[in-house]
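K.L.:
Sending over a structure as structure tokens; questions will come in a sec.
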Amino acid sequence: MRVLGIETSCDETGIAIYDTEQGLLAHALYSQVKLHADYGGVVPELASRDHVRKTLPLIKQALLDANLTAADIDGIAYTAGPGLIGALLVGATIGRSLAFGWNIPAVGVHHMEGHLLAPMLEETQPQFPFIALLVSGGHTQLVQVNGIGEYQLLGESVDDAAGEAFDKTAKLLGLDYPGGPRLAALANSGVAGRFQFPRPMTDKPGLNFSFSGLKTAAAQAIASNGKDAQTQADIARAFQDAVVDTLIIKCQRALKQTGMKRLVVAGGVSANVRLREALQETMLALGGEVFYPRSEFCTDNGAMIAFAGAQRLAAQQSVDLSVKVRPRWPLTELSPL
């Protein structure tokens with residue numbers, strides 16, 4: 001089965017074609033970073049309009065790259081949520097309309113299930129069951145995964161997600177949008193130990209996260225110590241270390257609580273090099289394994305949507321002609337395969 005995947009949940013237009021026998025055949029991505037840079041963050045209306053402009057040309061490009069035509073596509077998967085409602089509606093409307101015109105089934109995919117399954121696109125794939133750390137701009141969650149659609153939420157952020165805290169702290173440091181990757185780069189030249197920030201909620205039992213207080217601690221350090229280049233780098237280093245340590249501690253708790261030895265890390269923040277190094281060391285010490293998608297599939301992309309959609313279409317799951325999206329959509333509401 002060949003599935004066309006469409007991702008338009010936020011500020012990236014991602015298109016891909018996945019074959020259940022041959023694997024990923026093509027993928028194309030357009031980022032709106034330059035469009036939103038002047039505003040310091042995503043402007044929903046501008047994002048929606050740009051998806052309208054870019055989605056169909058990218059679909060044509062992906063078909064051309066895969067040397068396929070519309071007649072070769074067996075199903076369409078599009079992101080139905082969570083995300084920005086206007087952006088979601090663009091991809092959903094185009095995806096459902098093409099499926100109707102091509103007389104093939106369509107399925108709405110949960111954005112975070114796409115991230116969770118993204119490591120399955122790699123040559124070395126995790127076996128079920130495993131613990132998943134989903135860490136992005138909008139979500140920080142620990143999930144027990146027993147199979148596709150069999151998800152138990154163990155913990156999540158009660159305020160800012162880790163990626164959101166990265167972006168907000170970067171803005172306080174005067175870094176350009178997108179701030180998270182720029183803060184991580186700045187942290188490379190920071191001196192460890194000059195600033196000490198809290199590891200939020202690690203002194204309490206449970207697996208929930210909270211990063212708003214950490215962001216406040218960074219804001220106070222910035223206000224009290226000026227903004228010379230080395231101070232900025234040292235604060236960035238202290239902030240990143242605090243986030244990474246917090247995520248590590250919570251992952252260790254989840255693994256101990258469930259007795260599992262496999263960890264999947266996905267979402268935009270999973271591309272953070274320091275986080276990957278720390279988790280690799282942690283899992284090695286625990287005698288376990290950690291799995292990631294390649295860097296280009298950590299951020300939003302069509303490949304993860306095409307793969308997740310292919311699994312559900314292969315299980316005979318599809319949607320009717322109505323176009324429905326869910327800006328808020330708990331992962332645990334998905335049906336198992």
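Naming works like this for the structure tokens: A, B, ... for the chains as they're shown, residue 1 at the start of each chain, ligands 1 onward in shown order.
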I'd like a table as CSV: residues in stretch 191-259 of chain A with an atom no more than 10 Å from stretch 281-302 of chain A, each row giving the shortest atom pair and its distance in Å to one decimal, only C-alpha atoms counted, sorted by chain and rising residue number.

P.N.:
residue,atom,partner,partner_atom,distance
A:Ile248,CA,A:Thr282,CA,7.6
A:Ile249,CA,A:Thr282,CA,9.6
A:Cys251,CA,A:Thr282,CA,9.4
A:Gln252,CA,A:Thr282,CA,8.1
A:Leu255,CA,A:Leu286,CA,9.4
A:Lys256,CA,A:Leu286,CA,9.8

K.L.:
Enumerate as a PyMOL selection string all residues of stretch 231-266 of chain A assigned to strand (DSSP E) by DSSP on the backbone, naming them with the chain letters and numbers the document uses.

P.N.:
chain A and resi 262-266

K.L.:
Which residues are near A:Ser224? Cut-off 12 Å, only C-alpha atoms, ignore same chain within fewer than 6 positions. Put them as a list in words.

P.N.:
Phe195, Ala217, Ala218, Thr231, Gln232 and Ile235 of chain A

K.L.:
Residues of stretch 42-149 of chain A that have any atom at most 8 Å from an atom of stretch 328-333 of chain A: could you tabulate them with the shortest-distance atom pair and the distance in Å to one decimal, using only C-alpha atoms, ordered by chain and increasing number, as a tab-separated table?

P.N.:
residue	atom	partner	partner_atom	distance
A:Gly81	CA	A:Trp329	CA	6.3
A:Pro82	CA	A:Arg328	CA	4.9
A:Gly83	CA	A:Arg328	CA	7.1
A:His110	CA	A:Leu331	CA	7.3
A:Met112	CA	A:Leu331	CA	7.1
A:Glu113	CA	A:Leu331	CA	7.1
A:Gly149	CA	A:Thr332	CA	7.7

K.L.:
Have a look at A:Arg312, A:Lys204, A:Lys324, A:Arg194 and name the one nearest to A:Ile76; count only C-alpha atoms.

P.N.:
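Looking at the shortest contact to A:Ile76, the residue is A:Arg312.
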
K.L.:
Using only C-alpha atoms for the distances, tell me which of A:Phe130, A:Phe307, A:Phe197, A:Phe239 is nearest to A:Glu150.

P.N.:
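So, comparing all the options, the nearest one is A:Phe130.
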
K.L.:
Select, from A:His115, A:Arg237, A:Arg96, A:Arg49, the residue with the minimum atom-to-atom distance to A:Ala170, counting only C-alpha atoms.

P.N.:
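For A:Ala170, the nearest of the given residues is A:Arg237.
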
K.L.:
Could you find all residues in stretch 51-212 of chain A that DSSP calls helix (DSSP H, G or I) from the backbone, and write them as a short mmCIF file (atom, residue, chain, number, x, y, z; two decimals) with C-alpha atoms, in the first residue's frame?

P.N.:
data_model
loop_
_atom_site.label_atom_id
_atom_site.label_comp_id
_atom_site.auth_asym_id
_atom_site.auth_seq_id
_atom_site.Cartn_x
_atom_site.Cartn_y
_atom_site.Cartn_z
CA HIS A 51 -0.08 25.94 3.80
CA VAL A 52 -2.67 26.77 1.14
CA ARG A 53 0.11 28.00 -1.14
CA LYS A 54 2.59 25.19 -0.52
CA THR A 55 0.66 21.93 -0.02
CA LEU A 56 -0.32 21.08 -3.60
CA PRO A 57 3.06 22.03 -5.13
CA LEU A 58 4.81 19.84 -2.55
CA ILE A 59 2.47 16.93 -3.32
CA LYS A 60 3.37 17.27 -7.01
CA GLN A 61 7.06 17.38 -6.07
CA ALA A 62 6.81 14.24 -3.92
CA LEU A 63 5.02 12.33 -6.69
CA LEU A 64 7.68 13.42 -9.15
CA ASP A 65 10.52 12.47 -6.80
CA ALA A 70 -1.96 9.90 -8.56
CA ALA A 71 -3.08 6.52 -9.88
CA ASP A 72 -0.27 4.86 -7.90
CA ILE A 85 -7.19 24.72 13.70
CA GLY A 86 -6.74 26.77 10.53
CA ALA A 87 -3.54 24.98 9.58
CA LEU A 88 -5.12 21.58 10.28
CA LEU A 89 -8.12 22.41 8.12
CA VAL A 90 -5.91 23.15 5.13
CA GLY A 91 -4.26 19.73 5.15
CA ALA A 92 -7.45 17.90 6.07
CA THR A 93 -9.50 19.58 3.34
CA ILE A 94 -6.89 18.98 0.65
CA GLY A 95 -6.26 15.41 1.78
CA ARG A 96 -9.91 14.45 2.00
CA SER A 97 -10.72 16.15 -1.32
CA LEU A 98 -7.91 14.38 -3.16
CA ALA A 99 -8.98 11.04 -1.67
CA PHE A 100 -12.53 11.65 -2.92
CA GLY A 101 -11.32 12.67 -6.36
CA TRP A 102 -8.92 9.73 -6.63
CA HIS A 111 0.13 14.40 15.25
CA MET A 112 1.76 12.98 18.39
CA GLU A 113 1.19 9.39 17.26
CA GLY A 114 3.11 10.39 14.15
CA HIS A 115 6.02 11.60 16.30
CA LEU A 116 5.81 8.54 18.54
CA LEU A 117 6.07 6.18 15.55
CA ALA A 118 8.71 8.21 13.66
CA PRO A 119 11.59 5.95 14.88
CA MET A 120 9.86 3.12 12.97
CA LEU A 121 11.08 4.81 9.79
CA ALA A 162 10.03 21.74 27.32
CA GLY A 163 10.25 23.08 23.78
CA GLU A 164 8.04 26.03 24.67
CA ALA A 165 10.29 26.85 27.64
CA PHE A 166 13.33 26.68 25.34
CA ASP A 167 11.71 29.14 22.92
CA LYS A 168 10.56 31.56 25.63
CA THR A 169 13.94 31.57 27.37
CA ALA A 170 15.68 32.13 24.05
CA LYS A 171 13.46 35.15 23.48
CA LEU A 172 14.46 36.51 26.91
CA GLY A 179 14.74 30.16 19.65
CA GLY A 180 15.13 26.58 20.87
CA PRO A 181 17.85 25.46 18.45
CA ARG A 182 19.63 28.83 18.83
CA LEU A 183 19.67 28.51 22.62
CA ALA A 184 21.07 24.98 22.31
CA ALA A 185 23.82 26.26 20.01
CA LEU A 186 24.63 29.10 22.40
CA ALA A 187 24.82 26.67 25.33
CA SER A 212 7.41 27.57 33.73
#

K.L.:
So that I can see what lies close to A:Lys227, please list as a list of chain:residue names the residues with an atom at most 9 Å from it, counting only C-alpha atoms and leaving out residues fewer than 5 positions away in the same chain.

P.N.:
A:Leu173, A:Gly174, A:Ile222, A:Gln232

K.L.:
May I have the selected residues written with all heavy atoms, as a short mmCIF file (atom, residue, chain, number, x, y, z; two decimals), in the first residue's frame?

P.N.:
data_model
loop_
_atom_site.label_atom_id
_atom_site.label_comp_id
_atom_site.auth_asym_id
_atom_site.auth_seq_id
_atom_site.Cartn_x
_atom_site.Cartn_y
_atom_site.Cartn_z
N LEU A 173 16.65 35.92 26.08
CA LEU A 173 18.07 36.14 25.82
C LEU A 173 18.31 36.98 24.56
O LEU A 173 19.45 37.28 24.22
CB LEU A 173 18.79 34.79 25.66
CG LEU A 173 19.01 33.99 26.95
CD1 LEU A 173 19.40 32.55 26.64
CD2 LEU A 173 20.09 34.67 27.80
N GLY A 174 17.21 37.34 23.89
CA GLY A 174 17.33 38.15 22.69
C GLY A 174 17.68 37.37 21.44
O GLY A 174 18.12 37.95 20.44
N ILE A 222 18.90 36.51 33.94
CA ILE A 222 19.18 37.44 32.84
C ILE A 222 19.06 38.88 33.32
O ILE A 222 19.92 39.73 33.04
CB ILE A 222 18.22 37.17 31.66
CG1 ILE A 222 18.51 35.80 31.04
CG2 ILE A 222 18.36 38.26 30.59
CD1 ILE A 222 17.43 35.31 30.09
N GLN A 232 25.26 35.31 28.64
CA GLN A 232 24.17 34.70 27.89
C GLN A 232 24.44 33.21 27.65
O GLN A 232 23.56 32.37 27.83
CB GLN A 232 23.98 35.40 26.55
CG GLN A 232 23.27 36.74 26.65
CD GLN A 232 22.86 37.23 25.27
OE1 GLN A 232 23.65 37.23 24.34
NE2 GLN A 232 21.62 37.66 25.14
#
